[in-house]
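*Asks:* mmCIF, N, CA and C atoms, saved as upload.cif, coming up:
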data_protein
#
loop_
_atom_site.label_atom_id
_atom_site.label_comp_id
_atom_site.auth_asym_id
_atom_site.auth_seq_id
_atom_site.Cartn_x
_atom_site.Cartn_y
_atom_site.Cartn_z
N MET A 117 12.50 -21.55 -11.01
CA MET A 117 11.53 -20.50 -10.81
C MET A 117 11.80 -19.85 -9.47
N ASN A 118 11.72 -18.52 -9.45
CA ASN A 118 12.00 -17.77 -8.25
C ASN A 118 10.92 -16.71 -8.05
N LYS A 119 10.30 -16.68 -6.89
CA LYS A 119 9.26 -15.70 -6.60
C LYS A 119 9.91 -14.38 -6.22
N GLN A 120 9.49 -13.30 -6.89
CA GLN A 120 10.04 -11.97 -6.67
C GLN A 120 8.92 -11.01 -6.31
N HIS A 121 9.28 -9.88 -5.72
CA HIS A 121 8.32 -8.81 -5.48
C HIS A 121 9.05 -7.48 -5.46
N ALA A 122 8.31 -6.41 -5.75
CA ALA A 122 8.88 -5.07 -5.72
C ALA A 122 7.76 -4.07 -5.49
N ILE A 123 8.11 -2.95 -4.85
CA ILE A 123 7.18 -1.84 -4.69
C ILE A 123 7.72 -0.69 -5.54
N PHE A 124 6.87 -0.17 -6.41
CA PHE A 124 7.24 0.92 -7.30
C PHE A 124 6.45 2.17 -6.92
N GLU A 125 7.12 3.31 -6.83
CA GLU A 125 6.42 4.57 -6.64
C GLU A 125 6.07 5.11 -8.02
N LEU A 126 4.79 5.40 -8.20
CA LEU A 126 4.30 5.85 -9.50
C LEU A 126 3.94 7.33 -9.42
N PRO A 127 4.19 8.10 -10.44
CA PRO A 127 4.66 7.71 -11.76
C PRO A 127 6.18 7.67 -11.89
N GLY A 128 6.92 8.00 -10.83
CA GLY A 128 8.38 8.09 -10.90
C GLY A 128 9.09 6.83 -11.36
N GLN A 129 8.60 5.67 -10.98
CA GLN A 129 9.23 4.40 -11.35
C GLN A 129 8.39 3.62 -12.35
N SER A 130 7.59 4.33 -13.13
CA SER A 130 6.70 3.63 -14.07
C SER A 130 7.46 2.86 -15.14
N ALA A 131 8.66 3.31 -15.53
CA ALA A 131 9.45 2.56 -16.52
C ALA A 131 9.86 1.20 -15.96
N ASP A 132 10.29 1.16 -14.70
CA ASP A 132 10.66 -0.10 -14.06
C ASP A 132 9.44 -1.00 -13.88
N PHE A 133 8.31 -0.40 -13.48
CA PHE A 133 7.05 -1.13 -13.35
C PHE A 133 6.67 -1.78 -14.68
N ASP A 134 6.71 -1.00 -15.76
CA ASP A 134 6.38 -1.51 -17.09
C ASP A 134 7.32 -2.64 -17.51
N LYS A 135 8.61 -2.49 -17.18
CA LYS A 135 9.60 -3.51 -17.55
C LYS A 135 9.28 -4.85 -16.89
N VAL A 136 8.92 -4.83 -15.60
CA VAL A 136 8.63 -6.07 -14.88
C VAL A 136 7.36 -6.73 -15.43
N ILE A 137 6.30 -5.94 -15.61
CA ILE A 137 5.03 -6.56 -16.02
C ILE A 137 5.00 -6.94 -17.49
N SER A 138 5.88 -6.37 -18.31
CA SER A 138 5.88 -6.72 -19.73
C SER A 138 6.91 -7.79 -20.09
N ASP A 139 7.79 -8.16 -19.17
CA ASP A 139 8.82 -9.17 -19.42
C ASP A 139 8.16 -10.54 -19.57
N GLU A 140 8.33 -11.16 -20.71
CA GLU A 140 7.69 -12.45 -20.99
C GLU A 140 8.21 -13.59 -20.12
N SER A 141 9.38 -13.42 -19.50
CA SER A 141 9.90 -14.46 -18.62
C SER A 141 9.34 -14.33 -17.19
N ASN A 142 8.56 -13.27 -16.94
CA ASN A 142 7.94 -13.08 -15.63
C ASN A 142 6.47 -13.49 -15.69
N ASP A 143 6.08 -14.32 -14.75
CA ASP A 143 4.68 -14.69 -14.60
C ASP A 143 4.12 -13.86 -13.45
N VAL A 144 3.53 -12.70 -13.78
CA VAL A 144 3.00 -11.80 -12.76
C VAL A 144 1.76 -12.43 -12.14
N THR A 145 1.80 -12.59 -10.81
CA THR A 145 0.69 -13.24 -10.11
C THR A 145 -0.20 -12.26 -9.37
N ASN A 146 0.33 -11.05 -9.09
CA ASN A 146 -0.46 -10.10 -8.32
C ASN A 146 0.07 -8.69 -8.51
N ILE A 147 -0.83 -7.73 -8.68
CA ILE A 147 -0.49 -6.30 -8.69
C ILE A 147 -1.50 -5.61 -7.79
N ASN A 148 -0.99 -4.88 -6.82
CA ASN A 148 -1.84 -4.10 -5.90
C ASN A 148 -1.41 -2.65 -5.94
N PHE A 149 -2.38 -1.76 -6.01
CA PHE A 149 -2.11 -0.33 -6.03
C PHE A 149 -2.55 0.27 -4.70
N SER A 150 -1.79 1.27 -4.23
CA SER A 150 -2.11 1.93 -2.99
C SER A 150 -1.66 3.38 -3.07
N SER A 151 -2.33 4.23 -2.33
CA SER A 151 -1.95 5.63 -2.23
C SER A 151 -1.84 6.00 -0.76
N ALA A 152 -0.94 6.92 -0.47
CA ALA A 152 -0.76 7.37 0.91
C ALA A 152 -0.39 8.84 0.89
N THR A 153 -0.75 9.54 1.96
CA THR A 153 -0.34 10.93 2.11
C THR A 153 0.96 10.95 2.90
N VAL A 154 2.00 11.52 2.27
CA VAL A 154 3.32 11.59 2.89
C VAL A 154 3.72 13.07 2.91
N GLU A 155 3.88 13.62 4.10
CA GLU A 155 4.24 15.03 4.28
C GLU A 155 3.34 15.95 3.46
N GLY A 156 2.05 15.68 3.49
CA GLY A 156 1.07 16.52 2.83
C GLY A 156 0.88 16.28 1.34
N ALA A 157 1.62 15.36 0.76
CA ALA A 157 1.50 15.05 -0.66
C ALA A 157 0.99 13.62 -0.82
N VAL A 158 0.12 13.42 -1.80
CA VAL A 158 -0.39 12.08 -2.08
C VAL A 158 0.62 11.35 -2.96
N LYS A 159 1.04 10.16 -2.52
CA LYS A 159 1.98 9.32 -3.28
C LYS A 159 1.26 8.05 -3.67
N HIS A 160 1.59 7.53 -4.85
CA HIS A 160 0.96 6.32 -5.38
C HIS A 160 2.02 5.22 -5.52
N PHE A 161 1.63 4.00 -5.15
CA PHE A 161 2.55 2.87 -5.17
C PHE A 161 1.89 1.66 -5.82
N ALA A 162 2.73 0.78 -6.37
CA ALA A 162 2.26 -0.49 -6.91
C ALA A 162 3.15 -1.59 -6.35
N LEU A 163 2.53 -2.62 -5.79
CA LEU A 163 3.24 -3.82 -5.34
C LEU A 163 3.02 -4.88 -6.41
N VAL A 164 4.12 -5.42 -6.94
CA VAL A 164 4.05 -6.44 -7.98
C VAL A 164 4.71 -7.72 -7.45
N VAL A 165 4.02 -8.84 -7.61
CA VAL A 165 4.56 -10.15 -7.23
C VAL A 165 4.59 -11.00 -8.50
N TRP A 166 5.73 -11.65 -8.75
CA TRP A 166 5.85 -12.45 -9.97
C TRP A 166 6.80 -13.61 -9.75
N HIS A 167 6.70 -14.59 -10.62
CA HIS A 167 7.63 -15.71 -10.68
C HIS A 167 8.56 -15.45 -11.85
N ASP A 168 9.86 -15.50 -11.58
CA ASP A 168 10.87 -15.22 -12.59
C ASP A 168 11.41 -16.54 -13.13
N PHE A 169 11.14 -16.82 -14.39
CA PHE A 169 11.58 -18.08 -14.99
C PHE A 169 12.93 -17.97 -15.70
N GLU A 170 13.41 -16.73 -15.94
CA GLU A 170 14.64 -16.56 -16.72
C GLU A 170 15.90 -16.54 -15.87
N TYR A 171 15.94 -15.70 -14.85
CA TYR A 171 17.19 -15.45 -14.14
C TYR A 171 17.28 -16.08 -12.76
N GLY A 172 16.19 -16.50 -12.20
CA GLY A 172 16.24 -17.02 -10.84
C GLY A 172 16.38 -15.90 -9.84
N GLU A 173 17.43 -15.94 -9.01
CA GLU A 173 17.59 -14.96 -7.94
C GLU A 173 18.19 -13.66 -8.49
N HIS A 174 17.40 -12.60 -8.49
CA HIS A 174 17.87 -11.26 -8.80
C HIS A 174 16.83 -10.25 -8.39
N THR A 175 17.20 -8.99 -8.37
CA THR A 175 16.25 -7.93 -8.05
C THR A 175 16.08 -7.06 -9.27
N PRO A 176 14.92 -6.38 -9.39
CA PRO A 176 14.70 -5.55 -10.59
C PRO A 176 15.60 -4.35 -10.64
#
Let me see the file written as structure tokens.
*Replies:*
Amino acid sequence: MNKQHAIFELPGQSADFDKVISDESNDVTNINFSSATVEGAVKHFALVVWHDFEYGEHTP
């Protein structure tokens, strides 16, 4: 088992976000959403923390 985490910018990386949270070999332990104003535009982010039971050490 390997603990992983990633920050996804939404909606641009929503496919990657969906892939991580829907993977049956991932035990998602935490999802946090945040928004920030960057150069006058509001950006949305999701931090996902999970335990990876299939591959061990890898990045999404």
*Asks:* One number please: CA of Asp139 (chain A) to atom N of Ala122 (chain A), in Å, one decimal.
*Replies:* 14.0 Å
*Asks:* Name every residue that the PyMOL selection byres (((chain A and resi 146 and name CA) around 10) and name CA) selects in this structure, writing the answer as number ranges by chain with chains first and numbers rising.
*Replies:* A: 121, 143-145, 147-148, 163-166
*Asks:* In Å, rounded to a single decimal, give me how far CA of Ala162 (chain A) is from CA of Pro127 (chain A).
*Replies:* 9.8 Å
*Asks:* Interatomic distance between CA of Gln129 (chain A) and CA of His160 (chain A)?
*Replies:*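 One can read the CA of Gln129 (chain A) to CA of His160 (chain A) distance as 10.4 Å.
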*Asks:* Using only C-alpha atoms, which protein or nucleic acid residues come within 7 Å of His167 (chain A)? Drop anything in the same chain fewer than 4 positions from it, and give the result as a list in words.
*Replies:*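 The residues that qualify are Met117, Asn118, Lys119, Gln120, Asn142, Asp143 and Val144 of chain A.
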*Asks:* I need the strand (DSSP E) residues of chain A per DSSP on the backbone, written as a PyMOL selection string.
*Replies:* chain A and resi 118-126+142-154+157-168
*Asks:* Reconstruct region 142-153 of chain A at the level of all heavy atoms, and format the result as a JSON list (two decimals), in the frame of the given file.
*Replies:*
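File produced: result_21.json:
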[["chain", "number", "residue", "atom", "x", "y", "z"],
["A", 142, "ASN", "N", 8.56, -13.27, -16.94],
["A", 142, "ASN", "CA", 7.94, -13.08, -15.63],
["A", 142, "ASN", "C", 6.47, -13.49, -15.69],
["A", 142, "ASN", "O", 5.74, -13.04, -16.55],
["A", 142, "ASN", "CB", 8.02, -11.62, -15.20],
["A", 142, "ASN", "CG", 9.43, -11.17, -14.93],
["A", 142, "ASN", "OD1", 10.31, -11.98, -14.71],
["A", 142, "ASN", "ND2", 9.65, -9.88, -14.94],
["A", 143, "ASP", "N", 6.08, -14.32, -14.75],
["A", 143, "ASP", "CA", 4.68, -14.69, -14.60],
["A", 143, "ASP", "C", 4.12, -13.86, -13.45],
["A", 143, "ASP", "O", 4.24, -14.23, -12.28],
["A", 143, "ASP", "CB", 4.56, -16.19, -14.32],
["A", 143, "ASP", "CG", 3.14, -16.64, -14.09],
["A", 143, "ASP", "OD1", 2.20, -15.94, -14.54],
["A", 143, "ASP", "OD2", 2.95, -17.70, -13.47],
["A", 144, "VAL", "N", 3.53, -12.70, -13.78],
["A", 144, "VAL", "CA", 3.00, -11.80, -12.76],
["A", 144, "VAL", "C", 1.76, -12.43, -12.14],
["A", 144, "VAL", "O", 0.82, -12.80, -12.83],
["A", 144, "VAL", "CB", 2.66, -10.42, -13.37],
["A", 144, "VAL", "CG1", 2.02, -9.52, -12.33],
["A", 144, "VAL", "CG2", 3.91, -9.76, -13.94],
["A", 145, "THR", "N", 1.80, -12.59, -10.81],
["A", 145, "THR", "CA", 0.69, -13.24, -10.11],
["A", 145, "THR", "C", -0.20, -12.26, -9.37],
["A", 145, "THR", "O", -1.34, -12.58, -9.07],
["A", 145, "THR", "CB", 1.21, -14.29, -9.11],
["A", 145, "THR", "OG1", 2.06, -13.65, -8.17],
["A", 145, "THR", "CG2", 1.96, -15.40, -9.82],
["A", 146, "ASN", "N", 0.33, -11.05, -9.09],
["A", 146, "ASN", "CA", -0.46, -10.10, -8.32],
["A", 146, "ASN", "C", 0.07, -8.69, -8.51],
["A", 146, "ASN", "O", 1.28, -8.48, -8.49],
["A", 146, "ASN", "CB", -0.40, -10.47, -6.83],
["A", 146, "ASN", "CG", -1.53, -9.91, -6.03],
["A", 146, "ASN", "OD1", -2.14, -8.92, -6.40],
["A", 146, "ASN", "ND2", -1.79, -10.53, -4.90],
["A", 147, "ILE", "N", -0.83, -7.73, -8.68],
["A", 147, "ILE", "CA", -0.49, -6.30, -8.69],
["A", 147, "ILE", "C", -1.50, -5.61, -7.79],
["A", 147, "ILE", "O", -2.71, -5.75, -7.96],
["A", 147, "ILE", "CB", -0.57, -5.70, -10.10],
["A", 147, "ILE", "CG1", 0.39, -6.39, -11.06],
["A", 147, "ILE", "CG2", -0.27, -4.20, -10.05],
["A", 147, "ILE", "CD1", 0.28, -5.92, -12.50],
["A", 148, "ASN", "N", -0.99, -4.88, -6.82],
["A", 148, "ASN", "CA", -1.84, -4.10, -5.90],
["A", 148, "ASN", "C", -1.41, -2.65, -5.94],
["A", 148, "ASN", "O", -0.21, -2.35, -5.91],
["A", 148, "ASN", "CB", -1.72, -4.62, -4.46],
["A", 148, "ASN", "CG", -2.34, -5.97, -4.29],
["A", 148, "ASN", "OD1", -3.52, -6.14, -4.53],
["A", 148, "ASN", "ND2", -1.54, -6.95, -3.89],
["A", 149, "PHE", "N", -2.38, -1.76, -6.01],
["A", 149, "PHE", "CA", -2.11, -0.33, -6.03],
["A", 149, "PHE", "C", -2.55, 0.27, -4.70],
["A", 149, "PHE", "O", -3.55, -0.15, -4.12],
["A", 149, "PHE", "CB", -2.87, 0.35, -7.18],
["A", 149, "PHE", "CG", -2.40, -0.10, -8.53],
["A", 149, "PHE", "CD1", -3.08, -1.08, -9.21],
["A", 149, "PHE", "CD2", -1.29, 0.47, -9.12],
["A", 149, "PHE", "CE1", -2.66, -1.50, -10.47],
["A", 149, "PHE", "CE2", -0.85, 0.06, -10.37],
["A", 149, "PHE", "CZ", -1.54, -0.92, -11.04],
["A", 150, "SER", "N", -1.79, 1.27, -4.23],
["A", 150, "SER", "CA", -2.11, 1.93, -2.99],
["A", 150, "SER", "C", -1.66, 3.38, -3.07],
["A", 150, "SER", "O", -0.71, 3.71, -3.78],
["A", 150, "SER", "CB", -1.39, 1.23, -1.83],
["A", 150, "SER", "OG", -1.73, 1.84, -0.61],
["A", 151, "SER", "N", -2.33, 4.23, -2.33],
["A", 151, "SER", "CA", -1.95, 5.63, -2.23],
["A", 151, "SER", "C", -1.84, 6.00, -0.76],
["A", 151, "SER", "O", -2.56, 5.46, 0.08],
["A", 151, "SER", "CB", -2.98, 6.53, -2.91],
["A", 151, "SER", "OG", -3.06, 6.24, -4.28],
["A", 152, "ALA", "N", -0.94, 6.92, -0.47],
["A", 152, "ALA", "CA", -0.76, 7.37, 0.91],
["A", 152, "ALA", "C", -0.39, 8.84, 0.89],
["A", 152, "ALA", "O", 0.21, 9.34, -0.06],
["A", 152, "ALA", "CB", 0.35, 6.57, 1.59],
["A", 153, "THR", "N", -0.75, 9.54, 1.96],
["A", 153, "THR", "CA", -0.34, 10.93, 2.11],
["A", 153, "THR", "C", 0.96, 10.95, 2.90],
["A", 153, "THR", "O", 1.03, 10.45, 4.02],
["A", 153, "THR", "CB", -1.42, 11.74, 2.85],
["A", 153, "THR", "OG1", -2.64, 11.63, 2.12],
["A", 153, "THR", "CG2", -1.04, 13.20, 2.96]]
